[in-house]
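*Asks:* Below you'll find target_15.txt; it's compact mmCIF, C-alpha atoms.
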```txt
# COMPACT_ATOMS: atom_id res chain seq x y z
CA MET A 359 -311.53 -59.30 167.44
CA LYS A 360 -310.04 -59.74 163.99
CA LYS A 361 -312.09 -61.53 161.32
CA TYR A 362 -310.33 -64.05 159.14
CA PHE A 363 -311.33 -64.75 155.54
CA CYS A 364 -312.40 -68.37 156.19
CA CYS A 365 -314.67 -67.30 159.04
CA THR A 366 -316.69 -64.74 157.06
CA ARG A 367 -319.82 -65.59 155.11
CA PRO A 368 -318.30 -64.68 151.71
CA GLY A 369 -315.20 -66.73 152.56
CA LEU A 370 -317.22 -69.76 153.57
CA LEU A 371 -319.44 -69.42 150.50
CA LEU A 372 -316.39 -69.22 148.23
CA CYS A 373 -314.85 -72.32 149.83
CA LEU A 374 -318.08 -74.29 149.42
CA LEU A 375 -318.50 -73.17 145.81
CA LEU A 376 -314.95 -74.21 144.96
CA LEU A 377 -315.11 -77.68 146.47
CA PRO A 378 -316.80 -79.46 143.49
CA VAL A 379 -314.55 -77.67 141.00
CA TRP A 380 -311.45 -78.54 143.03
CA LEU A 381 -312.41 -82.20 143.25
CA HIS A 382 -313.26 -82.46 139.54
CA THR A 383 -310.03 -80.70 138.54
CA ALA A 384 -307.93 -82.86 140.85
CA GLN A 385 -309.41 -85.99 139.25
CA ALA A 386 -308.84 -84.66 135.71
CA ALA A 387 -305.34 -83.28 136.27
CA PRO A 388 -303.08 -83.72 133.24
CA PHE A 389 -300.31 -85.13 135.38
CA LYS A 390 -302.25 -88.33 136.02
CA PRO A 391 -304.33 -89.12 132.92
CA GLY A 392 -307.07 -91.70 133.11
CA PRO A 393 -309.36 -93.30 130.54
CA PHE A 394 -311.76 -90.29 130.45
CA VAL A 395 -309.17 -87.48 130.37
CA ASN A 396 -308.45 -85.49 127.22
CA LYS A 397 -304.89 -84.35 127.84
CA LYS A 398 -304.96 -81.31 125.50
CA GLU A 399 -308.18 -79.95 127.01
CA ASP A 400 -306.93 -80.36 130.59
CA TYR A 401 -303.71 -78.51 129.82
CA GLN A 402 -305.68 -75.66 128.24
CA ARG A 403 -307.64 -75.25 131.47
CA LEU A 404 -304.43 -74.87 133.48
CA LEU A 405 -302.66 -72.48 131.06
CA GLY A 406 -304.11 -69.21 129.91
CA LEU A 407 -304.91 -65.55 130.03
CA THR A 408 -308.24 -64.07 131.08
CA ALA A 409 -309.41 -60.47 130.75
CA GLY A 410 -312.66 -59.09 132.06
CA VAL A 411 -314.74 -56.63 134.02
CA GLY A 412 -316.28 -56.87 137.48
CA ARG A 413 -318.34 -55.25 140.19
CA ILE A 414 -316.83 -54.60 143.64
CA ASN A 415 -318.54 -54.22 147.02
CA THR A 416 -316.40 -53.17 149.97
CA ASP A 417 -317.11 -54.16 153.56
CA GLU A 418 -317.90 -50.45 154.18
CA HIS A 419 -320.71 -50.62 151.55
CA ALA A 420 -318.89 -48.67 148.83
CA GLN A 421 -319.33 -49.98 145.29
CA GLY A 422 -317.16 -49.76 142.22
CA ASN A 423 -316.15 -51.35 138.94
CA SER A 424 -312.99 -53.17 137.94
CA VAL A 425 -311.05 -54.20 134.86
CA TYR A 426 -308.59 -57.07 135.21
CA LEU A 427 -306.05 -59.20 133.40
CA ASN A 428 -305.10 -62.58 134.86
CA ALA A 429 -302.41 -64.97 133.57
CA TYR A 430 -301.97 -68.49 134.95
CA LEU A 431 -299.54 -71.29 134.29
CA PHE A 432 -300.33 -74.51 136.20
CA TRP A 433 -299.51 -73.60 139.84
CA PHE A 434 -298.33 -69.99 139.32
CA ASN A 435 -300.37 -66.91 138.43
CA LEU A 436 -300.02 -63.15 137.85
CA SER A 437 -302.75 -60.55 137.76
CA ALA A 438 -303.36 -56.80 137.47
CA GLU A 439 -306.57 -54.99 138.31
CA TYR A 440 -307.84 -51.42 138.07
CA GLN A 441 -310.65 -50.58 140.51
CA ASP A 442 -312.78 -47.45 140.10
CA TYR A 443 -314.93 -46.14 142.96
CA ASP A 444 -316.85 -42.84 143.19
CA ASP A 445 -314.19 -41.20 145.36
CA ARG A 446 -310.96 -43.04 144.42
CA THR A 447 -309.22 -45.39 142.01
CA ILE A 448 -306.90 -48.25 142.96
CA THR A 449 -304.47 -50.18 140.79
CA ASN A 450 -303.20 -53.51 142.17
CA THR A 451 -300.79 -56.14 140.90
CA TYR A 452 -300.75 -59.69 142.26
CA THR A 453 -298.71 -62.86 142.13
CA GLY A 454 -299.75 -66.15 143.60
CA ILE A 455 -300.13 -69.88 143.58
CA GLY A 456 -303.10 -72.10 142.85
CA LEU A 457 -304.52 -74.59 140.42
CA GLY A 458 -304.88 -72.89 137.05
CA ARG A 459 -307.73 -70.41 137.17
CA TYR A 460 -309.89 -72.55 139.45
CA LEU A 461 -308.36 -71.54 142.77
CA GLN A 462 -305.79 -68.80 143.24
CA ILE A 463 -304.30 -67.38 146.41
CA GLN A 464 -302.53 -64.13 145.53
CA TYR A 465 -300.36 -61.61 147.34
CA GLY A 466 -300.53 -58.13 145.93
CA TYR A 467 -299.43 -54.55 146.17
CA GLY A 468 -301.14 -51.41 144.96
CA ASP A 469 -302.04 -47.81 145.65
CA GLU A 470 -303.39 -48.65 149.12
CA GLY A 471 -300.62 -51.02 150.25
CA TYR A 472 -300.21 -54.77 150.56
CA LEU A 473 -303.12 -57.18 150.33
CA ILE A 474 -304.01 -60.84 149.97
CA ARG A 475 -306.68 -62.17 147.63
CA ALA A 476 -308.48 -65.45 147.05
CA ARG A 477 -309.82 -65.74 143.52
CA SER A 478 -311.57 -68.31 141.36
CA GLU A 479 -312.90 -68.52 137.80
CA PHE A 480 -315.49 -70.86 136.35
CA GLU A 481 -316.27 -71.55 132.69
CA VAL A 482 -319.84 -70.71 131.74
CA VAL A 483 -320.22 -70.69 127.94
CA GLY A 484 -317.38 -71.48 125.58
CA ARG A 485 -314.42 -69.33 126.61
CA PHE A 486 -316.47 -66.96 128.79
CA THR A 487 -315.82 -67.17 132.52
CA VAL A 488 -317.33 -65.91 135.76
CA PHE A 489 -315.03 -64.98 138.63
CA ILE A 490 -315.36 -64.29 142.33
CA ALA A 491 -312.64 -62.76 144.49
CA ARG A 492 -312.13 -61.65 148.08
CA GLU A 493 -309.46 -59.07 149.02
CA ARG A 494 -308.07 -58.24 152.46
CA TYR A 495 -305.79 -55.23 152.86
CA ARG A 496 -303.10 -55.54 155.49
CA ASP A 497 -303.06 -51.95 156.77
CA LYS A 498 -306.39 -50.54 155.56
CA PRO A 499 -309.32 -52.85 156.38
CA LEU A 500 -311.85 -50.27 155.13
CA PHE A 501 -310.79 -51.25 151.57
CA ASP A 502 -311.50 -54.99 152.09
CA ASN A 503 -313.86 -56.12 149.35
CA THR A 504 -315.60 -58.88 147.44
CA SER A 505 -315.89 -58.76 143.66
CA VAL A 506 -317.64 -60.73 140.95
CA GLY A 507 -317.50 -60.38 137.20
CA ILE A 508 -317.25 -61.86 133.75
CA GLY A 509 -314.27 -62.42 131.52
CA TYR A 510 -312.99 -64.02 128.37
CA ASN A 511 -310.28 -66.71 128.38
CA PHE A 512 -307.73 -66.39 125.57
```
Let me see the structure of the file written as structure tokens.
*Replies:*
Amino acid sequence: MKKYFCCTRPGLLLCLLLLPVWLHTAQAAPFKPGPFVNKKEDYQRLLGLTAGVGRINTDEHAQGNSVYLNAYLFWFNLSAEYQDYDDRTITNTYTGIGLGRYLQIQYGYGDEGYLIRARSEFEVVGRFTVFIARERYRDKPLFDNTSVGIGYNF
């Protein structure tokens, strides 16, 4: 039986973690300003470029490190990531849709074929962010992974 992202523990955890951020962002969207919305600040959260490093754990218990660059413009995003494991390296590029950096669904291609990724970033201190991502490879499920890391938003 095939596992789907939403039915796995990491997928469910990611969905639950994103719910408060999604609701807050939807209320503070720059397209519908209210009395407590700073328009400039809201636009900055939906436009940007983030670079960072992360730690990857595959479903097959392999671990590695990653370096990424993620650009987002309102509903559209682009990303590139280099993943380094003990026995291999993988370079992936992604394009997707979402809401700024808060929730991104990306389709990608890399050294190991096509994949889909769900990704989210949260602000922690100033311009520093924490991200969590889940990747599912179409033809090679042994490369499916979950990654977390830190970055800086430019």
*Asks:* Counting only C-alpha atoms, which of A:Phe480, A:Phe434, A:Tyr443, A:Tyr472 gets nearest to A:Gly458?
*Replies:* A:Phe434
*Asks:* Given all atoms listed in the file as the basis, pick out the residue of A:Asp469, A:Glu418, A:Ile455, A:Gln464 nearest to A:Ala491.
*Replies:* A:Gln464
*Asks:* Using all atoms listed in the file - which residues lie no farther than 12 Å from the point (-312.1, -63.6, 133.3) in the file's frame? Write them as a VMD selection string.
*Replies:* chain A and resid 406 to 412 424 to 430 437 to 439 459 to 460 477 to 482 485 to 491 506 to 512
*Asks:* Can I get the selection written as an mmCIF file, keeping the file's coordinate frame, with C-alpha atoms?
*Replies:*
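Dumped everything to result22.cif:
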```
data_model
loop_
_atom_site.group_PDB
_atom_site.id
_atom_site.type_symbol
_atom_site.label_atom_id
_atom_site.label_comp_id
_atom_site.auth_asym_id
_atom_site.auth_seq_id
_atom_site.Cartn_x
_atom_site.Cartn_y
_atom_site.Cartn_z
ATOM 1 C CA GLY A 406 -304.110 -69.210 129.910
ATOM 2 C CA LEU A 407 -304.910 -65.550 130.030
ATOM 3 C CA THR A 408 -308.240 -64.070 131.080
ATOM 4 C CA ALA A 409 -309.410 -60.470 130.750
ATOM 5 C CA GLY A 410 -312.660 -59.090 132.060
ATOM 6 C CA VAL A 411 -314.740 -56.630 134.020
ATOM 7 C CA GLY A 412 -316.280 -56.870 137.480
ATOM 8 C CA SER A 424 -312.990 -53.170 137.940
ATOM 9 C CA VAL A 425 -311.050 -54.200 134.860
ATOM 10 C CA TYR A 426 -308.590 -57.070 135.210
ATOM 11 C CA LEU A 427 -306.050 -59.200 133.400
ATOM 12 C CA ASN A 428 -305.100 -62.580 134.860
ATOM 13 C CA ALA A 429 -302.410 -64.970 133.570
ATOM 14 C CA TYR A 430 -301.970 -68.490 134.950
ATOM 15 C CA SER A 437 -302.750 -60.550 137.760
ATOM 16 C CA ALA A 438 -303.360 -56.800 137.470
ATOM 17 C CA GLU A 439 -306.570 -54.990 138.310
ATOM 18 C CA ARG A 459 -307.730 -70.410 137.170
ATOM 19 C CA TYR A 460 -309.890 -72.550 139.450
ATOM 20 C CA ARG A 477 -309.820 -65.740 143.520
ATOM 21 C CA SER A 478 -311.570 -68.310 141.360
ATOM 22 C CA GLU A 479 -312.900 -68.520 137.800
ATOM 23 C CA PHE A 480 -315.490 -70.860 136.350
ATOM 24 C CA GLU A 481 -316.270 -71.550 132.690
ATOM 25 C CA VAL A 482 -319.840 -70.710 131.740
ATOM 26 C CA ARG A 485 -314.420 -69.330 126.610
ATOM 27 C CA PHE A 486 -316.470 -66.960 128.790
ATOM 28 C CA THR A 487 -315.820 -67.170 132.520
ATOM 29 C CA VAL A 488 -317.330 -65.910 135.760
ATOM 30 C CA PHE A 489 -315.030 -64.980 138.630
ATOM 31 C CA ILE A 490 -315.360 -64.290 142.330
ATOM 32 C CA ALA A 491 -312.640 -62.760 144.490
ATOM 33 C CA VAL A 506 -317.640 -60.730 140.950
ATOM 34 C CA GLY A 507 -317.500 -60.380 137.200
ATOM 35 C CA ILE A 508 -317.250 -61.860 133.750
ATOM 36 C CA GLY A 509 -314.270 -62.420 131.520
ATOM 37 C CA TYR A 510 -312.990 -64.020 128.370
ATOM 38 C CA ASN A 511 -310.280 -66.710 128.380
ATOM 39 C CA PHE A 512 -307.730 -66.390 125.570
#
```
*Asks:* As an exercise, work out the distance from atom CA of A:Thr447 to atom CA of A:Leu461 in Å and give it to one decimal place.
*Replies:*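 Those two atoms sit 26.2 Å apart.
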*Asks:* Would you compute the distance between atom CA of A:Asn450 and atom CA of A:Phe432? Give it in Å to one decimal.
*Replies:* 22.0 Å
*Asks:* Which of these residues is nearest to A:Ile463, using only C-alpha atoms: A:Val483, A:Arg492, A:Phe501, A:Arg413?
*Replies:*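 When distances to A:Ile463 are compared using only C-alpha atoms, the smallest one comes from A:Arg492.
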*Asks:* In Å, how far is it from atom CA of A:Pro499 to atom CA of A:Asp445?
*Replies:*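 Computed distance, atom CA of A:Pro499 to atom CA of A:Asp445, equals 16.8 Å.
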*Asks:* Give the answer as one residue: which of A:Leu457, A:Ile414, A:Arg475, A:Ser505 has the shortest atom-to-atom distance to A:Glu493, using all atoms listed in the file?
*Replies:*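 Between A:Leu457, A:Ile414, A:Arg475, A:Ser505, the residue approaching A:Glu493 most closely is A:Arg475.
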*Asks:* Which of these residues is nearest to A:Asn435, using all atoms listed in the file: A:Thr449, A:Gln421, A:Leu473, A:Gly466?
*Replies:*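 Looking only at the distances to A:Asn435, the closest residue turns out to be A:Gly466.
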*Asks:* With all atoms listed in the file as the basis for distance, which of A:Leu431, A:Asn423, A:Tyr467, A:Asp417 is at the shortest distance from A:Asp502?
*Replies:*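 Distance minimum relative to A:Asp502 lands on A:Asp417.
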